[in-house]
$ cat input-v9.pdb   # PDB, C-alpha atoms and all ligand atoms
MODEL        1
ATOM      1  CA  MET A 799      81.061  52.929 160.442  1.00  0.00           C
ATOM      2  CA  ASP A 800      83.556  54.991 158.417  1.00  0.00           C
ATOM      3  CA  ALA A 801      82.087  53.874 155.109  1.00  0.00           C
ATOM      4  CA  ALA A 802      78.672  55.120 156.256  1.00  0.00           C
ATOM      5  CA  ARG A 803      79.959  58.657 156.837  1.00  0.00           C
ATOM      6  CA  PRO A 804      79.230  60.678 153.688  1.00  0.00           C
ATOM      7  CA  LEU A 805      82.082  62.047 151.639  1.00  0.00           C
ATOM      8  CA  TYR A 806      82.070  65.810 151.193  1.00  0.00           C
ATOM      9  CA  VAL A 807      83.000  66.598 147.585  1.00  0.00           C
ATOM     10  CA  PRO A 808      82.463  70.264 146.678  1.00  0.00           C
ATOM     11  CA  VAL A 809      82.641  71.524 143.092  1.00  0.00           C
ATOM     12  CA  ILE A 810      84.762  74.650 142.616  1.00  0.00           C
ATOM     13  CA  LEU A 811      83.690  76.845 139.721  1.00  0.00           C
ATOM     14  CA  GLY A 812      86.922  78.513 138.671  1.00  0.00           C
ATOM     15  CA  THR A 813      85.866  81.650 136.828  1.00  0.00           C
ATOM     16  CA  ALA A 814      83.930  84.857 137.410  1.00  0.00           C
ATOM     17  CA  ARG A 815      83.660  85.738 133.710  1.00  0.00           C
ATOM     18  CA  ARG A 816      80.287  87.222 132.749  1.00  0.00           C
ATOM     19  CA  GLY A 817      78.373  84.741 130.592  1.00  0.00           C
ATOM     20  CA  ARG A 818      80.637  81.914 131.725  1.00  0.00           C
ATOM     21  CA  MET A 819      79.794  78.550 130.169  1.00  0.00           C
ATOM     22  CA  SER A 820      81.587  76.810 133.020  1.00  0.00           C
ATOM     23  CA  LEU A 821      78.492  77.500 135.158  1.00  0.00           C
ATOM     24  CA  PRO A 822      76.196  74.896 133.506  1.00  0.00           C
ATOM     25  CA  VAL A 823      79.132  72.479 133.597  1.00  0.00           C
ATOM     26  CA  ALA A 824      79.580  73.017 137.340  1.00  0.00           C
ATOM     27  CA  ASN A 825      75.823  72.702 137.920  1.00  0.00           C
ATOM     28  CA  LEU A 826      75.838  69.399 136.035  1.00  0.00           C
ATOM     29  CA  LEU A 827      78.677  68.048 138.171  1.00  0.00           C
ATOM     30  CA  VAL A 828      76.844  69.097 141.353  1.00  0.00           C
ATOM     31  CA  ALA A 829      73.696  67.329 140.071  1.00  0.00           C
ATOM     32  CA  GLU A 830      75.607  64.150 139.179  1.00  0.00           C
ATOM     33  CA  LEU A 831      77.335  64.085 142.578  1.00  0.00           C
ATOM     34  CA  SER A 832      74.093  64.835 144.442  1.00  0.00           C
ATOM     35  CA  ARG A 833      72.278  61.806 143.090  1.00  0.00           C
ATOM     36  CA  ARG A 834      74.970  59.432 144.393  1.00  0.00           C
ATOM     37  CA  ALA A 835      74.450  57.824 147.773  1.00  0.00           C
ATOM     38  CA  GLY A 836      76.977  58.682 150.448  1.00  0.00           C
ATOM     39  CA  ILE A 837      78.084  62.002 148.952  1.00  0.00           C
ATOM     40  CA  VAL A 838      77.427  65.549 150.073  1.00  0.00           C
ATOM     41  CA  THR A 839      78.312  68.303 147.634  1.00  0.00           C
ATOM     42  CA  GLU A 840      77.836  71.998 146.990  1.00  0.00           C
ATOM     43  CA  LEU A 841      78.941  74.576 144.474  1.00  0.00           C
ATOM     44  CA  ILE A 842      81.791  76.856 145.517  1.00  0.00           C
ATOM     45  CA  ASP A 843      81.808  79.777 143.109  1.00  0.00           C
ATOM     46  CA  VAL A 844      84.999  81.851 143.000  1.00  0.00           C
ATOM     47  CA  ALA A 845      82.842  84.785 141.878  1.00  0.00           C
ATOM     48  CA  CYS A 846      81.193  84.770 145.328  1.00  0.00           C
ATOM     49  CA  MET A 847      84.400  84.577 147.341  1.00  0.00           C
ATOM     50  CA  SER A 848      85.331  88.290 147.348  1.00  0.00           C
ATOM     51  CA  LEU A 849      89.006  87.437 147.375  1.00  0.00           C
ATOM     52  CA  ARG A 850      91.336  90.336 148.039  1.00  0.00           C
ATOM     53  CA  VAL A 851      93.704  91.152 145.196  1.00  0.00           C
ATOM     54  CA  ASP A 852      96.095  93.336 147.205  1.00  0.00           C
ATOM     55  CA  ASP A 853      97.826  90.257 148.615  1.00  0.00           C
ATOM     56  CA  ALA A 854      98.148  86.547 147.821  1.00  0.00           C
ATOM     57  CA  GLY A 855      98.446  83.096 149.319  1.00  0.00           C
ATOM     58  CA  GLU A 856      97.433  82.240 152.861  1.00  0.00           C
ATOM     59  CA  ALA A 857      97.455  85.946 153.787  1.00  0.00           C
ATOM     60  CA  ILE A 858      94.067  86.274 152.059  1.00  0.00           C
ATOM     61  CA  LYS A 859      92.582  83.067 153.487  1.00  0.00           C
ATOM     62  CA  ASP A 860      88.788  83.172 153.550  1.00  0.00           C
ATOM     63  CA  PRO A 861      87.475  81.399 156.686  1.00  0.00           C
ATOM     64  CA  THR A 862      84.484  79.873 154.884  1.00  0.00           C
ATOM     65  CA  PHE A 863      86.575  78.527 152.006  1.00  0.00           C
ATOM     66  CA  SER A 864      89.212  77.291 154.435  1.00  0.00           C
ATOM     67  CA  SER A 865      86.657  75.323 156.455  1.00  0.00           C
ATOM     68  CA  GLN A 866      85.133  73.903 153.258  1.00  0.00           C
ATOM     69  CA  MET A 867      88.608  72.740 152.202  1.00  0.00           C
ATOM     70  CA  ASN A 868      89.257  71.295 155.671  1.00  0.00           C
ATOM     71  CA  ARG A 869      86.013  69.365 155.533  1.00  0.00           C
ATOM     72  CA  ALA A 870      86.481  68.200 151.917  1.00  0.00           C
ATOM     73  CA  ASP A 871      87.427  64.616 151.103  1.00  0.00           C
ATOM     74  CA  ALA A 872      87.795  65.435 147.417  1.00  0.00           C
ATOM     75  CA  LEU A 873      87.440  68.386 145.071  1.00  0.00           C
ATOM     76  CA  VAL A 874      86.038  68.724 141.583  1.00  0.00           C
ATOM     77  CA  LEU A 875      87.594  71.699 139.798  1.00  0.00           C
ATOM     78  CA  VAL A 876      85.711  73.151 136.857  1.00  0.00           C
ATOM     79  CA  SER A 877      88.522  74.781 134.972  1.00  0.00           C
ATOM     80  CA  PRO A 878      87.978  76.888 131.847  1.00  0.00           C
ATOM     81  CA  GLU A 879      90.903  77.150 129.430  1.00  0.00           C
ATOM     82  CA  TYR A 880      92.173  80.711 129.150  1.00  0.00           C
ATOM     83  CA  ASN A 881      95.063  81.264 126.711  1.00  0.00           C
ATOM     84  CA  HIS A 882      96.133  77.629 126.959  1.00  0.00           C
ATOM     85  CA  GLY A 883      96.278  77.874 130.755  1.00  0.00           C
ATOM     86  CA  TYR A 884      93.932  77.843 133.741  1.00  0.00           C
ATOM     87  CA  SER A 885      91.976  80.761 135.129  1.00  0.00           C
ATOM     88  CA  GLY A 886      93.997  83.182 137.251  1.00  0.00           C
ATOM     89  CA  LEU A 887      91.134  83.540 139.704  1.00  0.00           C
ATOM     90  CA  LEU A 888      90.986  79.765 140.266  1.00  0.00           C
ATOM     91  CA  LYS A 889      94.705  79.765 141.091  1.00  0.00           C
ATOM     92  CA  HIS A 890      94.276  82.807 143.353  1.00  0.00           C
ATOM     93  CA  ALA A 891      91.520  81.002 145.284  1.00  0.00           C
ATOM     94  CA  LEU A 892      93.418  77.702 145.516  1.00  0.00           C
ATOM     95  CA  ASP A 893      96.580  79.484 146.700  1.00  0.00           C
ATOM     96  CA  SER A 894      94.725  80.818 149.762  1.00  0.00           C
ATOM     97  CA  CYS A 895      94.843  77.407 151.474  1.00  0.00           C
ATOM     98  CA  LEU A 896      97.566  74.798 151.910  1.00  0.00           C
ATOM     99  CA  LYS A 897      97.434  72.295 154.753  1.00  0.00           C
ATOM    100  CA  GLU A 898      93.664  72.005 154.180  1.00  0.00           C
ATOM    101  CA  TYR A 899      94.320  70.047 150.947  1.00  0.00           C
ATOM    102  CA  ILE A 900      96.878  67.503 152.034  1.00  0.00           C
ATOM    103  CA  HIS A 901      96.172  63.873 151.049  1.00  0.00           C
ATOM    104  CA  LYS A 902      92.825  64.744 149.485  1.00  0.00           C
ATOM    105  CA  ALA A 903      91.638  63.734 146.036  1.00  0.00           C
ATOM    106  CA  VAL A 904      91.059  66.120 143.141  1.00  0.00           C
ATOM    107  CA  GLY A 905      89.615  65.734 139.658  1.00  0.00           C
ATOM    108  CA  ILE A 906      89.507  68.336 136.894  1.00  0.00           C
ATOM    109  CA  VAL A 907      86.746  69.154 134.439  1.00  0.00           C
ATOM    110  CA  GLY A 908      88.200  71.136 131.531  1.00  0.00           C
ATOM    111  CA  VAL A 909      85.985  73.577 129.623  1.00  0.00           C
ATOM    112  CA  SER A 910      86.814  75.287 126.351  1.00  0.00           C
ATOM    113  CA  ALA A 911      85.315  77.021 123.369  1.00  0.00           C
ATOM    114  CA  GLY A 912      87.878  75.251 121.181  1.00  0.00           C
ATOM    115  CA  PRO A 913      88.119  71.575 120.259  1.00  0.00           C
ATOM    116  CA  PHE A 914      90.453  70.274 122.971  1.00  0.00           C
ATOM    117  CA  GLY A 915      88.160  70.363 126.007  1.00  0.00           C
ATOM    118  CA  GLY A 916      90.471  72.449 128.143  1.00  0.00           C
ATOM    119  CA  THR A 917      93.239  69.835 128.089  1.00  0.00           C
ATOM    120  CA  ARG A 918      96.015  72.416 127.886  1.00  0.00           C
ATOM    121  CA  GLY A 919      94.639  74.179 130.946  1.00  0.00           C
ATOM    122  CA  ILE A 920      94.330  70.833 132.733  1.00  0.00           C
ATOM    123  CA  GLU A 921      97.941  69.887 131.989  1.00  0.00           C
ATOM    124  CA  ALA A 922      99.112  73.260 133.323  1.00  0.00           C
ATOM    125  CA  LEU A 923      97.029  72.847 136.487  1.00  0.00           C
ATOM    126  CA  LEU A 924      98.297  69.381 137.434  1.00  0.00           C
ATOM    127  CA  PRO A 925     101.707  70.456 138.860  1.00  0.00           C
ATOM    128  CA  VAL A 926      99.975  73.208 140.851  1.00  0.00           C
ATOM    129  CA  LEU A 927      97.660  70.676 142.492  1.00  0.00           C
ATOM    130  CA  ARG A 928     100.576  68.397 143.310  1.00  0.00           C
ATOM    131  CA  GLU A 929     102.369  71.268 145.040  1.00  0.00           C
ATOM    132  CA  LEU A 930      99.232  71.954 147.089  1.00  0.00           C
ATOM    133  CA  GLY A 931      99.336  68.384 148.448  1.00  0.00           C
ATOM    134  CA  LEU A 932      96.282  67.213 146.514  1.00  0.00           C
ATOM    135  CA  VAL A 933      96.231  63.785 144.861  1.00  0.00           C
ATOM    136  CA  THR A 934      95.132  63.908 141.226  1.00  0.00           C
ATOM    137  CA  ILE A 935      93.151  61.112 139.616  1.00  0.00           C
ATOM    138  CA  PHE A 936      93.891  59.742 136.155  1.00  0.00           C
ATOM    139  CA  TRP A 937      90.532  60.649 134.625  1.00  0.00           C
ATOM    140  CA  ASP A 938      89.414  64.108 133.523  1.00  0.00           C
ATOM    141  CA  VAL A 939      86.195  65.299 131.930  1.00  0.00           C
ATOM    142  CA  ASN A 940      86.458  67.495 128.842  1.00  0.00           C
ATOM    143  CA  PHE A 941      83.862  69.892 127.474  1.00  0.00           C
ATOM    144  CA  SER A 942      84.916  71.038 123.981  1.00  0.00           C
ATOM    145  CA  ALA A 943      82.911  73.662 122.074  1.00  0.00           C
ATOM    146  CA  VAL A 944      80.984  74.112 125.304  1.00  0.00           C
ATOM    147  CA  HIS A 945      78.662  76.763 123.833  1.00  0.00           C
ATOM    148  CA  ARG A 946      77.041  73.923 121.829  1.00  0.00           C
ATOM    149  CA  VAL A 947      76.756  71.433 124.687  1.00  0.00           C
ATOM    150  CA  PHE A 948      73.992  73.141 126.710  1.00  0.00           C
ATOM    151  CA  ASP A 949      70.750  74.785 125.631  1.00  0.00           C
ATOM    152  CA  GLU A 950      69.640  78.282 126.674  1.00  0.00           C
ATOM    153  CA  ALA A 951      68.161  76.917 129.907  1.00  0.00           C
ATOM    154  CA  GLY A 952      71.477  75.284 130.802  1.00  0.00           C
ATOM    155  CA  ALA A 953      70.257  71.725 130.088  1.00  0.00           C
ATOM    156  CA  LEU A 954      72.697  69.210 128.628  1.00  0.00           C
ATOM    157  CA  ARG A 955      72.181  68.673 124.882  1.00  0.00           C
ATOM    158  CA  ASP A 956      74.888  66.072 124.353  1.00  0.00           C
ATOM    159  CA  GLN A 957      74.242  63.080 126.640  1.00  0.00           C
ATOM    160  CA  ALA A 958      77.554  61.506 125.588  1.00  0.00           C
ATOM    161  CA  HIS A 959      79.192  63.370 128.467  1.00  0.00           C
ATOM    162  CA  LEU A 960      77.310  61.400 131.119  1.00  0.00           C
ATOM    163  CA  PRO A 961      79.196  58.068 130.926  1.00  0.00           C
ATOM    164  CA  ARG A 962      82.497  59.938 131.048  1.00  0.00           C
ATOM    165  CA  ILE A 963      81.350  61.893 134.112  1.00  0.00           C
ATOM    166  CA  ASP A 964      80.251  58.619 135.705  1.00  0.00           C
ATOM    167  CA  LYS A 965      83.679  57.032 135.183  1.00  0.00           C
ATOM    168  CA  PHE A 966      85.413  60.164 136.466  1.00  0.00           C
ATOM    169  CA  LEU A 967      83.276  60.341 139.617  1.00  0.00           C
ATOM    170  CA  LYS A 968      83.688  56.620 140.361  1.00  0.00           C
ATOM    171  CA  GLU A 969      87.449  57.037 140.255  1.00  0.00           C
ATOM    172  CA  LEU A 970      87.315  60.229 142.328  1.00  0.00           C
ATOM    173  CA  VAL A 971      85.140  58.590 144.992  1.00  0.00           C
ATOM    174  CA  TRP A 972      87.445  55.563 145.162  1.00  0.00           C
ATOM    175  CA  MET A 973      90.443  57.857 145.652  1.00  0.00           C
ATOM    176  CA  ALA A 974      88.571  59.967 148.216  1.00  0.00           C
ATOM    177  CA  ARG A 975      87.630  56.884 150.274  1.00  0.00           C
ATOM    178  CA  THR A 976      91.116  55.460 150.054  1.00  0.00           C
ATOM    179  CA  LEU A 977      92.763  58.714 151.090  1.00  0.00           C
ATOM    180  CA  ARG A 978      90.302  59.284 153.924  1.00  0.00           C
ATOM    181  CA  HIS A 979      91.185  55.836 155.244  1.00  0.00           C
ATOM    182  CA  GLY A 980      94.873  56.742 154.930  1.00  0.00           C
ATOM    183  CA  ARG A 981      94.497  60.126 156.647  1.00  0.00           C
ATOM    184  CA  GLU A 982      92.608  58.592 159.544  1.00  0.00           C
ATOM    185  CA  HIS A 983      94.330  55.224 159.974  1.00  0.00           C
ATOM    186  CA  VAL A 984      97.789  55.234 158.412  1.00  0.00           C
ATOM    187  CA  ALA A 985     100.505  57.059 160.314  1.00  0.00           C
ATOM    188  CA  LEU A 986     103.107  59.059 158.429  1.00  0.00           C
ATOM    189  CA  GLU A 987     106.581  57.913 159.469  1.00  0.00           C
ATOM    190  CA  GLN A 988     108.397  60.720 161.216  1.00  0.00           C
ATOM    191  CA  GLU A 989     112.202  61.183 160.976  1.00  0.00           C
TER
HETATM  192  C1  LIG A1001      90.969  85.252 128.418  1.00  0.00           C
HETATM  193  C2  LIG A1001      90.404  84.104 127.662  1.00  0.00           C
HETATM  194  C3  LIG A1001      91.236  83.230 127.012  1.00  0.00           C
HETATM  195  C4  LIG A1001      90.723  82.122 126.334  1.00  0.00           C
HETATM  196  N1  LIG A1001      91.579  81.212 125.768  1.00  0.00           N
HETATM  197  C5  LIG A1001      91.087  80.089 125.211  1.00  0.00           C
HETATM  198  C6  LIG A1001      91.962  79.070 124.743  1.00  0.00           C
HETATM  199  O1  LIG A1001      93.167  79.161 124.863  1.00  0.00           O
HETATM  200  N2  LIG A1001      91.430  77.960 124.182  1.00  0.00           N
HETATM  201  C7  LIG A1001      90.058  77.796 124.052  1.00  0.00           C
HETATM  202  O2  LIG A1001      89.627  76.771 123.539  1.00  0.00           O
HETATM  203  N3  LIG A1001      89.195  78.743 124.501  1.00  0.00           N
HETATM  204  C8  LIG A1001      89.682  79.863 125.090  1.00  0.00           C
HETATM  205  N4  LIG A1001      88.828  80.805 125.607  1.00  0.00           N
HETATM  206  C9  LIG A1001      87.397  80.553 125.539  1.00  0.00           C
HETATM  207  C10 LIG A1001      86.934  79.799 126.789  1.00  0.00           C
HETATM  208  O3  LIG A1001      87.474  78.518 126.822  1.00  0.00           O
HETATM  209  C11 LIG A1001      85.425  79.816 126.751  1.00  0.00           C
HETATM  210  O4  LIG A1001      84.986  81.060 127.260  1.00  0.00           O
HETATM  211  C12 LIG A1001      84.733  78.656 127.399  1.00  0.00           C
HETATM  212  O5  LIG A1001      83.344  78.901 127.323  1.00  0.00           O
HETATM  213  C13 LIG A1001      85.092  78.312 128.856  1.00  0.00           C
HETATM  214  O6  LIG A1001      85.204  79.436 129.659  1.00  0.00           O
HETATM  215  P1  LIG A1001      84.010  80.272 130.343  1.00  0.00           P
HETATM  216  O7  LIG A1001      83.550  79.517 131.555  1.00  0.00           O
HETATM  217  O8  LIG A1001      84.641  81.577 130.677  1.00  0.00           O
HETATM  218  O9  LIG A1001      82.899  80.411 129.348  1.00  0.00           O
HETATM  219  C14 LIG A1001      89.322  81.926 126.276  1.00  0.00           C
HETATM  220  C15 LIG A1001      88.465  82.827 126.919  1.00  0.00           C
HETATM  221  C16 LIG A1001      89.001  83.904 127.619  1.00  0.00           C
HETATM  222  C17 LIG A1001      88.065  84.824 128.357  1.00  0.00           C
ENDMDL
END
$ encode --input "input-v9.pdb" --output "structure tokens"
Amino acid sequence: MDAARPLYVPVILGTARRGRMSLPVANLLVAELSRRAGIVTELIDVACMSLRVDDAGEAIKDPTFSSQMNRADALVLVSPEYNHGYSGLLKHALDSCLKEYIHKAVGIVGVSAGPFGGTRGIEALLPVLRELGLVTIFWDVNFSAVHRVFDEAGALRDQAHLPRIDKFLKELVWMARTLRHGREHVALEQE
């Protein structure tokens, strides 16, 4: 019965920059998730969240985002590399929730103009995700020189990314199923 219940795996687009190339990347991840059986997904765009900037953390919790995080079994983060780190707005959005994330899977898709596919931003993001209670997988997806990867219509030019995305999503789904089983059936020992 449990296995028949779809996993909810939203894709968080972590930048509001005008002309952002992370948008076609996020759309591709949504498309790849959508064609898999047993998965429900949607795009969560930080640009549409209207997050307050006069406060931080759970004080600025957005009820819609909070319920999406509560419902989520796993997250895909599309994370552009900004000055060898992650986007400040992505961190601001993630910081607005806490208990919603616990024992849920997360995978990162790094995006960069340079040749390293956002790996420096990914490495910086990993300890943040751990602190949030998320469980990171050991696969990432990397989009280097992203301005060359998609055409003007946002279609993928370089099909070599697809097998990597497939491997990444298989691992993420395995972790999501395993953690959902754990959350629902394995008790945490109390002191
Ligand atoms: C503030 C800022 C800092 C950036 N720093 C880097 C960087 O350290 N390394 C890199 O490869 N690209 C860097 N870029 C380029 C982005 O990686 C590039 O814009 C890419 O397309 C992904 O981000 P986007 O979704 O904003 O387009 C930077 C862009 C901005 C706006």
$ atom_distance --input "input-v9.pdb" --atom1 "atom CA of Val933 of chain A" --atom2 "atom CA of Gln866 of chain A"
17.2 Å
$ atom_distance --input "input-v9.pdb" --atom1 "atom C10 of ligand LIG 1001 (chain A)" --atom2 "atom CA of Glu879 of chain A"
5.5 Å
$ atom_distance --input "input-v9.pdb" --atom1 "atom CA of Arg816 of chain A" --atom2 "atom O4 of ligand LIG 1001 (chain A)"
9.5 Å
$ residues_around --input "input-v9.pdb" --residues "Asn940 of chain A" --least-positions-apart "6" --cutoff "6 Å" --atoms "all atoms listed in the file" --output "ChimeraX atom specification"
/A:907-908,915
$ axis_aligned_box --input "input-v9.pdb" --around "ligand LIG 1001 (chain A)" --padding-each-side "3 Å" --output "JSON"
{"center_x": 88.0, "center_y": 81.0, "center_z": 127.5, "size_x": 16.3, "size_y": 14.5, "size_z": 14.0}
$ residues_around --input "input-v9.pdb" --residues "Lys897 of chain A" --least-positions-apart "3" --cutoff "8 Å" --atoms "only C-alpha atoms" --output "list in words"
Ile900, Leu930 and Gly931 of chain A
$ closest_residue --input "input-v9.pdb" --among "A:Lys965, A:Lys889, A:Arg869, A:His882" --to "Ile920 of chain A" --atoms "all atoms listed in the file"
A:His882
$ closest_atom_pairs --input "input-v9.pdb" --of "chain A" --to "ligand LIG 1001 (chain A)" --cutoff "10 Å" --atoms "all atoms listed in the file" --output "CSV"
residue,atom,partner,partner_atom,distance
A:Leu811,CA,A:LIG1001,O7,8.6
A:Gly812,CA,A:LIG1001,O7,7.9
A:Thr813,CA,A:LIG1001,O7,6.1
A:Ala814,CA,A:LIG1001,O8,7.5
A:Arg815,CA,A:LIG1001,O8,5.2
A:Arg816,CA,A:LIG1001,O8,7.4
A:Gly817,CA,A:LIG1001,O9,6.4
A:Arg818,CA,A:LIG1001,O9,3.6
A:Met819,CA,A:LIG1001,O9,3.7
A:Ser820,CA,A:LIG1001,O7,3.7
A:Leu821,CA,A:LIG1001,O7,6.5
A:Pro822,CA,A:LIG1001,O7,8.9
A:Val823,CA,A:LIG1001,O7,8.6
A:Ala824,CA,A:LIG1001,O7,9.6
A:Val876,CA,A:LIG1001,O7,8.6
A:Ser877,CA,A:LIG1001,O7,7.7
A:Pro878,CA,A:LIG1001,O6,4.4
A:Glu879,CA,A:LIG1001,O3,4.5
A:Tyr880,CA,A:LIG1001,C3,3.4
A:Asn881,CA,A:LIG1001,O1,3.4
A:His882,CA,A:LIG1001,O1,3.9
A:Gly883,CA,A:LIG1001,O1,6.8
A:Tyr884,CA,A:LIG1001,N1,9.0
A:Ser885,CA,A:LIG1001,C1,8.1
A:Gly886,CA,A:LIG1001,C1,9.6
A:Gly908,CA,A:LIG1001,C13,8.3
A:Val909,CA,A:LIG1001,C13,4.9
A:Ser910,CA,A:LIG1001,O3,3.3
A:Ala911,CA,A:LIG1001,O2,4.3
A:Gly912,CA,A:LIG1001,O2,3.3
A:Pro913,CA,A:LIG1001,O2,6.3
A:Phe914,CA,A:LIG1001,O2,6.6
A:Gly915,CA,A:LIG1001,O2,7.0
A:Gly916,CA,A:LIG1001,O2,6.4
A:Thr917,CA,A:LIG1001,O2,9.0
A:Arg918,CA,A:LIG1001,O1,7.9
A:Gly919,CA,A:LIG1001,O1,8.0
A:Phe941,CA,A:LIG1001,C13,8.6
A:Ser942,CA,A:LIG1001,O2,7.4
A:Ala943,CA,A:LIG1001,O5,7.4
A:Val944,CA,A:LIG1001,O5,5.7
A:His945,CA,A:LIG1001,O5,6.2
A:Arg946,CA,A:LIG1001,O5,9.7
$ residues_around --input "input-v9.pdb" --residues "segment 847-863 of chain A" --least-positions-apart "2" --cutoff "6 Å" --atoms "all atoms listed in the file" --output "ChimeraX atom specification"
/A:844-845,865-866,893-895
